[in-house]
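Have a look at input_24.csv; it's CSV, C-alpha atoms:
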```
chain,number,residue,atom,x,y,z
H,1,MET,CA,62.9,101.1,67.7
H,2,PRO,CA,65.4,100.5,64.8
H,3,GLU,CA,64.9,97.1,63.0
H,4,LYS,CA,68.4,96.0,63.9
H,5,GLU,CA,67.8,96.4,67.6
H,6,MET,CA,64.4,94.7,67.4
H,7,LYS,CA,65.9,91.7,65.7
H,8,HIS,CA,68.6,91.5,68.4
H,9,ILE,CA,66.0,91.6,71.1
H,10,GLU,CA,63.9,88.9,69.3
H,11,GLY,CA,67.0,86.7,69.1
H,12,ILE,CA,67.6,87.0,72.9
H,13,LEU,CA,63.9,86.2,73.6
H,14,LYS,CA,64.2,83.1,71.4
H,15,GLU,CA,67.3,81.9,73.1
H,16,GLU,CA,65.7,82.3,76.5
H,17,ASP,CA,62.5,80.5,75.2
H,18,ILE,CA,60.4,83.5,76.0
H,19,THR,CA,57.1,83.7,74.0
H,20,LEU,CA,55.7,87.1,73.2
H,21,ILE,CA,51.9,87.5,73.0
H,22,GLU,CA,50.7,90.0,70.4
H,23,PRO,CA,47.5,92.0,71.2
H,24,ASP,CA,45.4,90.3,68.6
H,25,GLU,CA,46.4,86.9,70.0
H,26,GLU,CA,45.2,87.7,73.5
H,27,GLU,CA,41.6,87.9,72.4
H,28,ALA,CA,41.9,84.5,70.7
H,29,TYR,CA,43.4,82.9,73.8
H,30,ARG,CA,40.6,84.3,76.0
H,31,LYS,CA,38.1,82.6,73.7
H,32,ILE,CA,40.0,79.4,73.8
H,33,GLU,CA,39.8,79.4,77.6
H,34,ALA,CA,36.0,79.1,77.2
H,35,CYS,CA,36.5,75.4,76.2
H,36,GLN,CA,34.4,73.3,78.6
H,37,ASN,CA,36.4,70.1,77.8
H,38,CYS,CA,33.1,68.4,76.9
H,39,GLY,CA,34.7,66.4,74.0
H,40,LEU,CA,31.9,67.0,71.5
H,41,CYS,CA,34.4,68.2,69.0
H,42,LEU,CA,36.1,64.8,69.0
H,43,ALA,CA,33.0,63.2,67.5
H,44,PHE,CA,33.1,65.5,64.5
H,45,CYS,CA,36.9,65.7,63.8
H,46,PRO,CA,37.7,64.1,60.4
H,47,ILE,CA,41.2,63.1,61.6
H,48,LEU,CA,39.7,61.0,64.4
H,49,GLU,CA,37.6,59.2,61.9
H,50,VAL,CA,40.7,57.6,60.6
H,51,LEU,CA,43.2,57.8,63.5
H,52,PRO,CA,42.8,56.3,67.0
H,53,HIS,CA,42.9,58.7,70.0
H,54,GLU,CA,46.2,57.2,71.0
H,55,SER,CA,47.8,58.6,67.8
H,56,TYR,CA,45.9,61.9,67.6
H,57,SER,CA,44.5,63.7,70.7
H,58,GLY,CA,42.2,65.9,68.7
H,59,PRO,CA,41.0,69.5,68.8
H,60,ARG,CA,40.2,69.5,72.5
H,61,SER,CA,43.9,69.0,73.3
H,62,ILE,CA,44.8,72.2,71.4
H,63,THR,CA,42.5,74.4,73.5
H,64,SER,CA,43.5,72.7,76.8
H,65,GLU,CA,47.2,72.9,76.0
H,66,LEU,CA,47.0,76.6,75.2
H,67,SER,CA,44.7,77.4,78.1
H,68,ARG,CA,47.2,75.8,80.5
H,69,THR,CA,50.4,77.5,79.2
H,70,VAL,CA,50.9,79.5,76.0
H,71,ARG,CA,54.6,79.5,76.7
H,72,GLU,CA,54.9,75.8,75.9
H,73,PHE,CA,53.0,76.1,72.6
H,74,TRP,CA,55.5,73.7,70.9
H,75,LYS,CA,54.0,70.8,72.8
H,76,ALA,CA,51.0,71.0,70.5
H,77,LYS,CA,53.1,70.5,67.3
H,78,ASP,CA,52.0,66.9,66.8
H,79,VAL,CA,48.4,68.0,66.8
H,80,VAL,CA,48.4,71.3,64.9
H,81,TYR,CA,49.9,70.0,61.7
H,82,TYR,CA,47.4,67.2,61.5
H,83,CYS,CA,44.5,69.7,61.6
H,84,THR,CA,42.8,70.3,58.2
H,85,LEU,CA,41.3,73.6,59.6
H,86,CYS,CA,37.9,72.4,58.4
H,87,GLY,CA,36.3,74.3,61.2
H,88,ARG,CA,33.7,71.7,62.1
H,89,CYS,CA,34.8,71.6,65.7
H,90,GLN,CA,34.1,75.3,66.1
H,91,GLU,CA,30.9,75.0,64.3
H,92,ILE,CA,29.4,72.4,66.7
H,93,CYS,CA,31.0,73.9,69.8
H,94,SER,CA,28.5,75.5,72.2
H,95,LYS,CA,31.1,78.1,73.1
H,96,ASN,CA,32.2,78.7,69.6
H,97,VAL,CA,35.8,78.1,70.6
H,98,PRO,CA,38.1,79.2,67.6
H,99,VAL,CA,40.2,76.1,67.2
H,100,PRO,CA,41.3,76.9,63.6
H,101,ARG,CA,42.5,80.3,64.9
H,102,ALA,CA,44.4,78.6,67.7
H,103,VAL,CA,46.0,76.2,65.1
H,104,THR,CA,47.3,79.0,62.9
H,105,LEU,CA,48.6,80.9,66.0
H,106,ILE,CA,50.6,77.9,67.1
H,107,ARG,CA,51.9,77.3,63.6
H,108,ALA,CA,53.1,80.9,63.4
H,109,LYS,CA,54.9,80.6,66.7
H,110,LEU,CA,56.5,77.4,65.6
H,111,PHE,CA,57.7,79.0,62.3
H,112,LYS,CA,59.1,82.0,64.1
H,113,GLN,CA,60.7,80.4,67.2
H,114,ARG,CA,61.1,76.7,66.4
H,115,ARG,CA,61.7,76.3,62.7
H,116,ASP,CA,63.3,73.0,63.4
H,117,LEU,CA,59.8,71.6,64.2
H,118,VAL,CA,58.2,72.9,60.9
H,119,PRO,CA,57.6,70.0,58.5
H,120,LYS,CA,60.3,69.6,55.9
H,121,SER,CA,57.5,68.8,53.4
H,122,PHE,CA,56.5,72.5,53.4
H,123,GLU,CA,59.9,73.6,52.1
H,124,THR,CA,59.3,73.5,48.3
H,125,MET,CA,56.1,75.6,48.6
H,126,LEU,CA,57.8,77.9,51.0
H,127,GLU,CA,60.7,78.5,48.6
H,128,SER,CA,58.3,79.1,45.7
H,129,LEU,CA,56.3,81.7,47.7
H,130,HIS,CA,59.5,83.6,48.6
H,131,GLU,CA,60.9,83.4,45.1
H,132,HIS,CA,57.8,83.9,43.0
H,133,GLY,CA,55.0,85.1,45.4
H,134,LEU,CA,53.1,82.0,44.3
H,135,ALA,CA,52.6,78.6,45.9
H,136,PHE,CA,53.9,76.8,42.8
H,137,GLU,CA,56.6,77.6,40.3
H,138,PRO,CA,55.0,79.4,37.4
H,139,ALA,CA,55.6,78.5,33.7
H,140,ALA,CA,56.6,80.9,31.0
H,141,GLU,CA,53.6,82.8,29.5
H,142,ASP,CA,53.7,81.1,26.1
H,143,GLU,CA,53.9,77.7,27.7
H,144,ARG,CA,51.0,78.6,30.1
H,145,VAL,CA,48.8,79.6,27.2
H,146,GLU,CA,49.6,76.5,25.1
H,147,ARG,CA,48.8,74.3,28.1
H,148,ALA,CA,45.6,76.1,28.7
H,149,LYS,CA,44.5,75.7,25.1
H,150,GLY,CA,45.2,72.0,25.2
H,151,ARG,CA,43.1,71.5,28.4
H,152,LEU,CA,40.2,73.5,26.8
H,153,GLU,CA,40.4,71.5,23.6
H,154,MET,CA,40.0,68.3,25.6
H,155,LEU,CA,37.0,69.8,27.3
H,156,GLY,CA,35.5,71.0,24.1
H,157,LEU,CA,35.7,74.6,25.1
H,158,PRO,CA,37.0,77.7,23.2
H,159,TYR,CA,39.9,79.9,24.3
H,160,VAL,CA,39.5,83.6,24.8
H,161,PRO,CA,42.6,85.9,25.3
H,162,ASP,CA,43.2,87.4,28.7
H,163,ARG,CA,41.5,90.8,29.5
H,164,VAL,CA,43.6,93.3,31.4
H,165,GLU,CA,41.7,96.5,31.9
H,166,SER,CA,42.5,99.6,34.0
H,167,ASN,CA,38.9,100.6,34.8
H,168,ALA,CA,36.9,97.4,35.0
H,169,GLU,CA,34.3,96.8,37.7
H,170,VAL,CA,35.2,93.1,38.4
H,171,LEU,CA,38.6,91.6,39.1
H,172,TYR,CA,38.9,87.8,38.5
H,173,PHE,CA,41.4,86.4,40.9
H,174,PRO,CA,42.1,82.7,39.9
H,175,GLY,CA,44.6,81.8,42.7
H,176,CYS,CA,47.8,79.8,42.4
H,177,GLN,CA,46.3,76.4,41.5
H,178,ALA,CA,44.0,77.6,38.7
H,179,ASP,CA,46.7,79.9,37.4
H,180,ILE,CA,49.5,77.3,37.3
H,181,LEU,CA,48.3,73.7,37.9
H,182,LEU,CA,44.7,73.7,36.7
H,183,PRO,CA,44.5,76.3,33.9
H,184,GLU,CA,41.1,74.9,32.7
H,185,ILE,CA,39.5,76.5,35.8
H,186,ARG,CA,41.1,79.9,35.1
H,187,GLU,CA,40.0,79.7,31.4
H,188,SER,CA,36.5,78.5,32.3
H,189,ALA,CA,36.0,81.4,34.6
H,190,LYS,CA,36.8,83.8,31.8
H,191,LEU,CA,34.3,82.0,29.6
H,192,VAL,CA,31.6,82.2,32.2
H,193,LEU,CA,32.3,85.9,32.8
H,194,GLU,CA,32.2,86.5,29.1
H,195,LYS,CA,28.7,84.9,28.8
H,196,LEU,CA,27.6,87.0,31.8
H,197,GLY,CA,28.7,90.1,30.0
H,198,ALA,CA,30.8,91.1,33.0
H,199,ASP,CA,33.1,94.1,32.8
H,200,TYR,CA,36.1,92.2,34.2
H,201,THR,CA,39.9,92.2,34.2
H,202,LEU,CA,42.6,89.9,35.3
H,203,LEU,CA,45.4,91.0,37.7
H,204,PRO,CA,48.8,91.8,36.2
H,205,GLY,CA,51.5,90.2,38.2
H,206,LEU,CA,49.2,87.8,40.1
H,207,LYS,CA,50.5,86.7,43.5
H,208,CYS,CA,49.2,84.2,46.1
H,209,CYS,CA,46.3,85.2,48.4
H,210,GLY,CA,48.5,84.3,51.3
H,211,LEU,CA,46.6,81.2,52.7
H,212,PRO,CA,49.5,78.8,52.2
H,213,SER,CA,51.8,81.1,54.1
H,214,VAL,CA,49.3,81.3,56.9
H,215,LEU,CA,49.1,77.5,57.0
H,216,MET,CA,52.8,77.1,57.2
H,217,GLY,CA,53.0,79.8,59.9
H,218,ASP,CA,55.0,82.3,57.7
H,219,SER,CA,53.1,85.3,58.9
H,220,GLU,CA,55.6,87.8,57.5
H,221,MET,CA,55.1,86.5,54.0
H,222,ALA,CA,51.3,86.4,54.5
H,223,ASP,CA,51.4,90.1,55.5
H,224,GLU,CA,53.6,91.0,52.5
H,225,LEU,CA,51.1,89.2,50.1
H,226,GLU,CA,48.2,91.0,51.8
H,227,LYS,CA,49.8,94.4,51.2
H,228,ASP,CA,50.5,93.5,47.6
H,229,PHE,CA,46.9,92.5,47.0
H,230,LEU,CA,45.4,95.6,48.6
H,231,GLU,CA,47.7,97.9,46.7
H,232,LYS,CA,46.9,96.3,43.3
H,233,VAL,CA,43.2,96.2,43.9
H,234,LYS,CA,43.2,99.9,45.0
H,235,ASN,CA,45.1,100.9,41.9
H,236,LEU,CA,42.7,99.0,39.7
H,237,GLY,CA,39.7,100.5,41.4
H,238,VAL,CA,37.4,97.5,41.0
H,239,LYS,CA,34.2,97.1,42.9
H,240,THR,CA,34.2,93.3,43.2
H,241,VAL,CA,36.8,90.6,43.3
H,242,VAL,CA,35.5,87.3,41.9
H,243,THR,CA,37.2,84.0,42.7
H,244,THR,CA,37.0,80.3,41.8
H,245,CYS,CA,38.9,79.0,44.8
H,246,ALA,CA,37.3,78.4,48.2
H,247,GLY,CA,40.5,79.1,50.1
H,248,CYS,CA,41.1,82.3,48.2
H,249,THR,CA,37.6,83.5,48.8
H,250,ALA,CA,37.8,83.0,52.6
H,251,THR,CA,41.3,84.5,52.8
H,252,LEU,CA,40.6,87.6,50.6
H,253,GLU,CA,37.4,88.2,52.4
H,254,GLY,CA,39.3,88.2,55.7
H,255,ILE,CA,41.8,90.7,54.2
H,256,ARG,CA,38.9,92.9,53.1
H,257,GLN,CA,37.3,92.9,56.5
H,258,ARG,CA,40.5,93.5,58.4
H,259,ASN,CA,41.3,96.5,56.3
H,260,ASP,CA,37.7,97.8,55.9
H,261,ALA,CA,38.3,97.8,52.2
H,262,ASP,CA,35.7,99.3,49.8
H,263,PHE,CA,35.4,96.3,47.5
H,264,MET,CA,33.5,93.0,47.7
H,265,VAL,CA,35.0,89.5,47.6
H,266,LYS,CA,32.8,86.8,46.1
H,267,HIS,CA,33.2,83.3,44.8
H,268,VAL,CA,31.8,83.1,41.3
H,269,ILE,CA,28.8,81.2,42.8
H,270,GLU,CA,28.0,84.2,45.0
H,271,TYR,CA,28.5,86.5,42.1
H,272,ILE,CA,26.0,84.6,39.9
H,273,VAL,CA,23.3,84.6,42.5
H,274,GLU,CA,23.7,88.0,44.1
H,275,ASP,CA,25.0,90.2,41.2
H,276,VAL,CA,23.6,88.5,38.1
H,277,GLY,CA,20.5,86.7,39.4
H,278,LYS,CA,19.5,83.0,39.1
H,279,GLU,CA,16.7,83.6,36.5
H,280,LYS,CA,18.9,85.8,34.3
H,281,PHE,CA,21.7,83.2,34.5
H,282,ARG,CA,19.2,80.4,33.6
H,283,GLU,CA,18.3,82.3,30.5
H,284,LEU,CA,21.8,81.9,29.2
H,285,PHE,CA,21.4,78.1,28.8
H,286,GLY,CA,19.8,76.5,25.8
H,287,ASP,CA,18.4,73.0,25.9
H,288,HIS,CA,21.6,71.1,26.4
H,289,PRO,CA,21.5,67.8,24.5
H,290,GLY,CA,23.3,65.9,27.2
H,291,ARG,CA,21.7,64.8,30.4
H,292,VAL,CA,23.8,64.2,33.6
H,293,THR,CA,23.3,63.4,37.2
H,294,VAL,CA,25.4,65.6,39.5
H,295,THR,CA,26.3,65.8,43.1
H,296,LEU,CA,28.1,68.5,45.1
H,297,HIS,CA,31.1,68.5,47.5
H,298,ALA,CA,30.9,71.7,49.6
H,299,PRO,CA,34.4,72.9,50.5
H,300,CYS,CA,35.1,73.7,54.1
H,301,HIS,CA,36.5,77.2,53.2
H,302,LEU,CA,33.2,78.2,51.6
H,303,ASP,CA,30.7,76.3,53.7
H,304,ARG,CA,32.1,77.1,57.1
H,305,HIS,CA,34.6,79.9,56.7
H,306,VAL,CA,32.5,82.1,54.3
H,307,GLY,CA,29.0,80.9,55.0
H,308,LYS,CA,26.6,78.0,54.6
H,309,TYR,CA,24.6,80.1,52.2
H,310,THR,CA,27.3,79.4,49.6
H,311,THR,CA,26.4,75.7,49.6
H,312,ASP,CA,22.7,76.6,49.2
H,313,TYR,CA,23.6,78.9,46.3
H,314,ALA,CA,25.7,76.1,44.6
H,315,GLU,CA,22.9,73.6,45.0
H,316,GLU,CA,20.2,76.0,43.7
H,317,ILE,CA,22.2,76.7,40.6
H,318,LEU,CA,22.7,73.0,39.8
H,319,GLU,CA,19.0,72.3,40.4
H,320,MET,CA,17.9,74.9,37.8
H,321,LEU,CA,20.3,73.9,35.0
H,322,PRO,CA,18.7,72.2,32.0
H,323,GLY,CA,19.5,68.6,31.5
H,324,VAL,CA,21.0,68.3,35.0
H,325,GLU,CA,19.6,66.1,37.8
H,326,PHE,CA,21.0,67.1,41.2
H,327,ARG,CA,21.5,64.5,43.9
H,328,ARG,CA,22.6,65.7,47.4
H,329,LEU,CA,25.2,63.8,49.3
H,330,GLU,CA,24.4,62.3,52.6
H,331,ASP,CA,27.0,64.6,54.2
H,332,PRO,CA,27.9,67.3,51.6
H,333,GLU,CA,29.9,69.2,54.2
H,334,ARG,CA,32.3,66.4,54.9
H,335,CYS,CA,36.0,67.4,54.9
H,336,CYS,CA,37.9,65.9,52.0
H,337,GLY,CA,41.1,65.8,54.0
H,338,ALA,CA,43.3,68.0,51.8
H,339,GLY,CA,43.0,71.2,53.8
H,340,GLY,CA,45.5,72.7,56.3
H,341,LEU,CA,48.4,71.3,54.2
H,342,LEU,CA,47.6,67.8,55.6
H,343,ASN,CA,48.1,66.4,52.1
H,344,LEU,CA,51.7,67.6,52.3
H,345,TYR,CA,52.3,66.8,56.0
H,346,ASN,CA,50.8,63.3,56.0
H,347,PRO,CA,49.4,62.1,52.6
H,348,ARG,CA,48.5,58.7,54.1
H,349,VAL,CA,46.0,60.2,56.6
H,350,SER,CA,44.8,62.7,54.1
H,351,LYS,CA,43.9,60.0,51.6
H,352,ALA,CA,42.3,57.9,54.3
H,353,ILE,CA,39.9,60.8,55.1
H,354,VAL,CA,38.8,61.3,51.4
H,355,ARG,CA,37.8,57.6,51.1
H,356,LYS,CA,34.8,58.4,53.3
H,357,GLU,CA,33.8,61.1,50.8
H,358,ILE,CA,34.3,58.7,47.9
H,359,GLU,CA,31.9,56.2,49.5
H,360,ASP,CA,29.3,58.9,49.9
H,361,ILE,CA,29.7,60.0,46.2
H,362,GLN,CA,29.3,56.5,45.0
H,363,ARG,CA,26.2,55.9,47.1
H,364,SER,CA,24.6,59.0,45.5
H,365,GLY,CA,24.7,57.3,42.1
H,366,ALA,CA,25.6,60.6,40.4
H,367,GLN,CA,27.7,60.5,37.3
H,368,THR,CA,29.7,63.6,38.2
H,369,VAL,CA,30.8,65.3,41.4
H,370,VAL,CA,31.5,69.0,41.2
H,371,THR,CA,33.2,71.2,43.8
H,372,PRO,CA,34.0,74.9,43.8
H,373,CYS,CA,37.5,74.3,45.2
H,374,PRO,CA,40.6,73.3,43.2
H,375,LEU,CA,42.2,71.7,46.2
H,376,CYS,CA,39.2,69.5,46.9
H,377,LEU,CA,38.9,68.7,43.2
H,378,VAL,CA,42.4,67.3,43.0
H,379,GLN,CA,41.9,65.3,46.2
H,380,ILE,CA,38.6,63.8,45.1
H,381,ASP,CA,39.7,63.2,41.5
H,382,GLN,CA,42.8,61.3,42.5
H,383,ALA,CA,40.8,59.2,45.0
H,384,LEU,CA,38.2,58.3,42.3
H,385,PHE,CA,40.9,57.4,39.8
H,386,LYS,CA,42.7,55.2,42.4
H,387,LYS,CA,39.5,53.4,43.1
H,388,LYS,CA,38.7,53.0,39.4
H,389,ALA,CA,35.3,54.6,40.0
H,390,LYS,CA,33.0,55.4,37.2
H,391,GLN,CA,32.2,58.9,38.5
H,392,GLU,CA,34.2,61.9,37.3
H,393,ALA,CA,35.2,64.9,39.3
H,394,LEU,CA,34.9,68.4,37.8
H,395,ASP,CA,35.5,71.9,39.1
H,396,TYR,CA,32.2,73.8,39.6
H,397,THR,CA,33.2,76.6,37.2
H,398,VAL,CA,34.4,74.2,34.5
H,399,PHE,CA,31.1,72.3,34.8
H,400,LEU,CA,29.2,75.6,34.3
H,401,ALA,CA,31.3,76.5,31.3
H,402,LYS,CA,30.7,73.1,29.7
H,403,ARG,CA,26.9,73.5,30.0
H,404,LEU,CA,27.0,77.1,28.9
H,405,TYR,CA,29.0,76.3,25.7
H,406,GLY,CA,27.3,73.0,25.0
H,407,ALA,CA,30.4,71.0,25.5
```
Could I get this file's structure written as structure tokens?
Amino acid sequence: MPEKEMKHIEGILKEEDITLIEPDEEEAYRKIEACQNCGLCLAFCPILEVLPHESYSGPRSITSELSRTVREFWKAKDVVYYCTLCGRCQEICSKNVPVPRAVTLIRAKLFKQRRDLVPKSFETMLESLHEHGLAFEPAAEDERVERAKGRLEMLGLPYVPDRVESNAEVLYFPGCQADILLPEIRESAKLVLEKLGADYTLLPGLKCCGLPSVLMGDSEMADELEKDFLEKVKNLGVKTVVTTCAGCTATLEGIRQRNDADFMVKHVIEYIVEDVGKEKFRELFGDHPGRVTVTLHAPCHLDRHVGKYTTDYAEEILEMLPGVEFRRLEDPERCCGAGGLLNLYNPRVSKAIVRKEIEDIQRSGAQTVVTPCPLCLVQIDQALFKKKAKQEALDYTVFLAKRLYGA
């Protein structure tokens, strides 16, 4: 059917409030109907730790609303935008009901059929994605480099020029935050890969992994970014895509699986353990003069959406580093409250959630909290600063680079 006719039909359906169900959605809705309405998820939802039930009905209401009538999906709008998509509800559910999937499906329908209900606070990011293909407006290249050098100098780390190769084995994919807002992560990853002797390249014309588009419900933009990524990786011919962002890792791995692509997607933590080896990695470190106590915040997108083994890997690496004393948090898998764009939708609730994490960090007595997720890092760092806490927050890869280079 011609695109013009299809758009006309879609317009009529929208006017008549008719909701179309795509084939891939049907399977998700069937799984949602498995909800037994037991309420166990309510005890683990991070939102319900800070909001009363009268204000937020919780993940159970999402499944019950959809199982009753998909047609009235818009009724769940007050619930789906509060969800951080941490996945803890699905993790503890005896029926493995995919609440995060339900949330993204409803957000996509709201975006397509009820744009008036999409939070206005998403607009700036949405515009940037459509204009630049990135979640944030990028700076000019010379400005980006100067900013990166300044951040590295503050950290006591050297700068190495970008490597853009046509036949490398590894592609380093920094993601929007590390490429634009937190260049020290991007540069530290390069330093770590250099020390590992990795045959790596960066991606010319980097674009977003697509996660922000999915979270806003802009499925068309997410599909466009997915196609762009697959095409560029295919042209490069790399065997492994290495990331430093938890959200990028989970999103790109999902893209790889959906398309049965012949490359691997690994967070740098996975790459160190599985491709380099812990013992070989340990040999790269000398006797670092500085001793530090460290704890770990495990991001939801790694711990639950990729696999709990990633948290084990992250802890194992920290435990073997010279001069580092690792202290485990009481609840290392606690959601920091920044996910699902909640930090944009309702900053007050987002900040209330992270306070629980800060209390846990302070009880650990560790000097530094590290996390392999830029989004979690910003959330925790801002909360520590506001509380005037003595602890510092560092990105996991930046921490590794500092230890490797004696900074």
If I take atom CA of Ile32 of chain H and atom CA of Val265 of chain H, how far is one from the other in Å, to one decimal?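 Distance between the two atoms: 28.5 Å.
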Could you list, as a short mmCIF file (atom, residue, chain, number, x, y, z; two decimals) with C-alpha atoms, in the frame of the given file, every residue within 9 Å of segment 91-95 of chain H, counting all atoms listed in the file and ignoring same-chain residues fewer than 3 positions away?
```cif
data_model
loop_
_atom_site.label_atom_id
_atom_site.label_comp_id
_atom_site.auth_asym_id
_atom_site.auth_seq_id
_atom_site.Cartn_x
_atom_site.Cartn_y
_atom_site.Cartn_z
CA LYS H 31 38.10 82.60 73.70
CA ALA H 34 36.00 79.10 77.20
CA CYS H 35 36.50 75.40 76.20
CA GLN H 36 34.40 73.30 78.60
CA LEU H 40 31.90 67.00 71.50
CA CYS H 41 34.40 68.20 69.00
CA PHE H 44 33.10 65.50 64.50
CA GLY H 87 36.30 74.30 61.20
CA ARG H 88 33.70 71.70 62.10
CA PRO H 98 38.10 79.20 67.60
CA ARG H 304 32.10 77.10 57.10
#
```
Using only C-alpha atoms, which residue out of H:Cys300, H:Ile106, H:Leu129, H:Ala393 lies closest to Glu224 of chain H?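 For Glu224 of chain H, the nearest of the given residues is H:Leu129.
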What are the closest atom pairs, with distances in Å to one decimal, for each residue of segment 332-387 of chain H lying within 8 Å of segment 45-57 of chain H, using all atoms listed in the file, rows by chain and rising residue number, as CSV?
```
residue,atom,partner,partner_atom,distance
H:Cys335,CA,H:Pro46,CA,6.6
H:Gly337,CA,H:Pro46,CA,7.4
H:Val349,CA,H:Val50,CA,7.1
H:Ala352,CA,H:Val50,CA,6.5
H:Ile353,CA,H:Val50,CA,6.4
```
Would you work out the distance separating atom CA of Pro183 of chain H from atom CA of Leu400 of chain H, expressed in Å to one decimal? 15.3 Å
Computed interatomic separation between atom CA of Leu329 of chain H and atom CA of His297 of chain H (Å): 7.8 Å
Exercise: segment 276-293 of chain H partners within 9 Å, only C-alpha atoms, chain neighbours under 6 positions left out, as a ChimeraX atom specification: /H:195-196,316-317,320-327,365-369,403-407
Please fill the gaps in segment 81-92 of chain H so it has N, CA, C and O atoms, and write that as a JSON list (two decimals), in the coordinates of the input.
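Once everything was written out, this is part_31.json:
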```
[["chain", "number", "residue", "atom", "x", "y", "z"],
["H", 81, "TYR", "N", 49.67, 70.23, 63.09],
["H", 81, "TYR", "CA", 49.90, 70.00, 61.70],
["H", 81, "TYR", "C", 49.04, 68.87, 61.11],
["H", 81, "TYR", "O", 48.97, 68.70, 59.90],
["H", 82, "TYR", "N", 48.35, 68.15, 61.98],
["H", 82, "TYR", "CA", 47.40, 67.20, 61.50],
["H", 82, "TYR", "C", 46.02, 67.85, 61.20],
["H", 82, "TYR", "O", 45.19, 67.29, 60.48],
["H", 83, "CYS", "N", 45.79, 69.02, 61.76],
["H", 83, "CYS", "CA", 44.50, 69.70, 61.60],
["H", 83, "CYS", "C", 44.27, 70.14, 60.16],
["H", 83, "CYS", "O", 45.15, 70.75, 59.54],
["H", 84, "THR", "N", 43.10, 69.84, 59.60],
["H", 84, "THR", "CA", 42.80, 70.30, 58.20],
["H", 84, "THR", "C", 42.15, 71.68, 58.23],
["H", 84, "THR", "O", 41.87, 72.22, 57.17],
["H", 85, "LEU", "N", 41.92, 72.24, 59.43],
["H", 85, "LEU", "CA", 41.30, 73.60, 59.60],
["H", 85, "LEU", "C", 39.93, 73.62, 58.93],
["H", 85, "LEU", "O", 39.50, 74.66, 58.44],
["H", 86, "CYS", "N", 39.25, 72.49, 58.95],
["H", 86, "CYS", "CA", 37.90, 72.40, 58.40],
["H", 86, "CYS", "C", 36.91, 73.29, 59.13],
["H", 86, "CYS", "O", 35.91, 73.76, 58.58],
["H", 87, "GLY", "N", 37.14, 73.48, 60.43],
["H", 87, "GLY", "CA", 36.30, 74.30, 61.20],
["H", 87, "GLY", "C", 35.04, 73.67, 61.78],
["H", 87, "GLY", "O", 34.21, 74.33, 62.40],
["H", 88, "ARG", "N", 34.92, 72.37, 61.59],
["H", 88, "ARG", "CA", 33.70, 71.70, 62.10],
["H", 88, "ARG", "C", 33.64, 71.67, 63.59],
["H", 88, "ARG", "O", 32.57, 71.71, 64.18],
["H", 89, "CYS", "N", 34.81, 71.60, 64.24],
["H", 89, "CYS", "CA", 34.80, 71.60, 65.70],
["H", 89, "CYS", "C", 34.27, 72.90, 66.26],
["H", 89, "CYS", "O", 33.49, 72.90, 67.22],
["H", 90, "GLN", "N", 34.66, 74.02, 65.67],
["H", 90, "GLN", "CA", 34.10, 75.30, 66.10],
["H", 90, "GLN", "C", 32.66, 75.44, 65.81],
["H", 90, "GLN", "O", 31.90, 76.01, 66.61],
["H", 91, "GLU", "N", 32.25, 74.90, 64.69],
["H", 91, "GLU", "CA", 30.90, 75.00, 64.30],
["H", 91, "GLU", "C", 29.91, 74.31, 65.26],
["H", 91, "GLU", "O", 28.82, 74.83, 65.55],
["H", 92, "ILE", "N", 30.32, 73.17, 65.82],
["H", 92, "ILE", "CA", 29.40, 72.40, 66.70],
["H", 92, "ILE", "C", 29.66, 72.78, 68.18],
["H", 92, "ILE", "O", 28.92, 72.32, 69.05]]
```
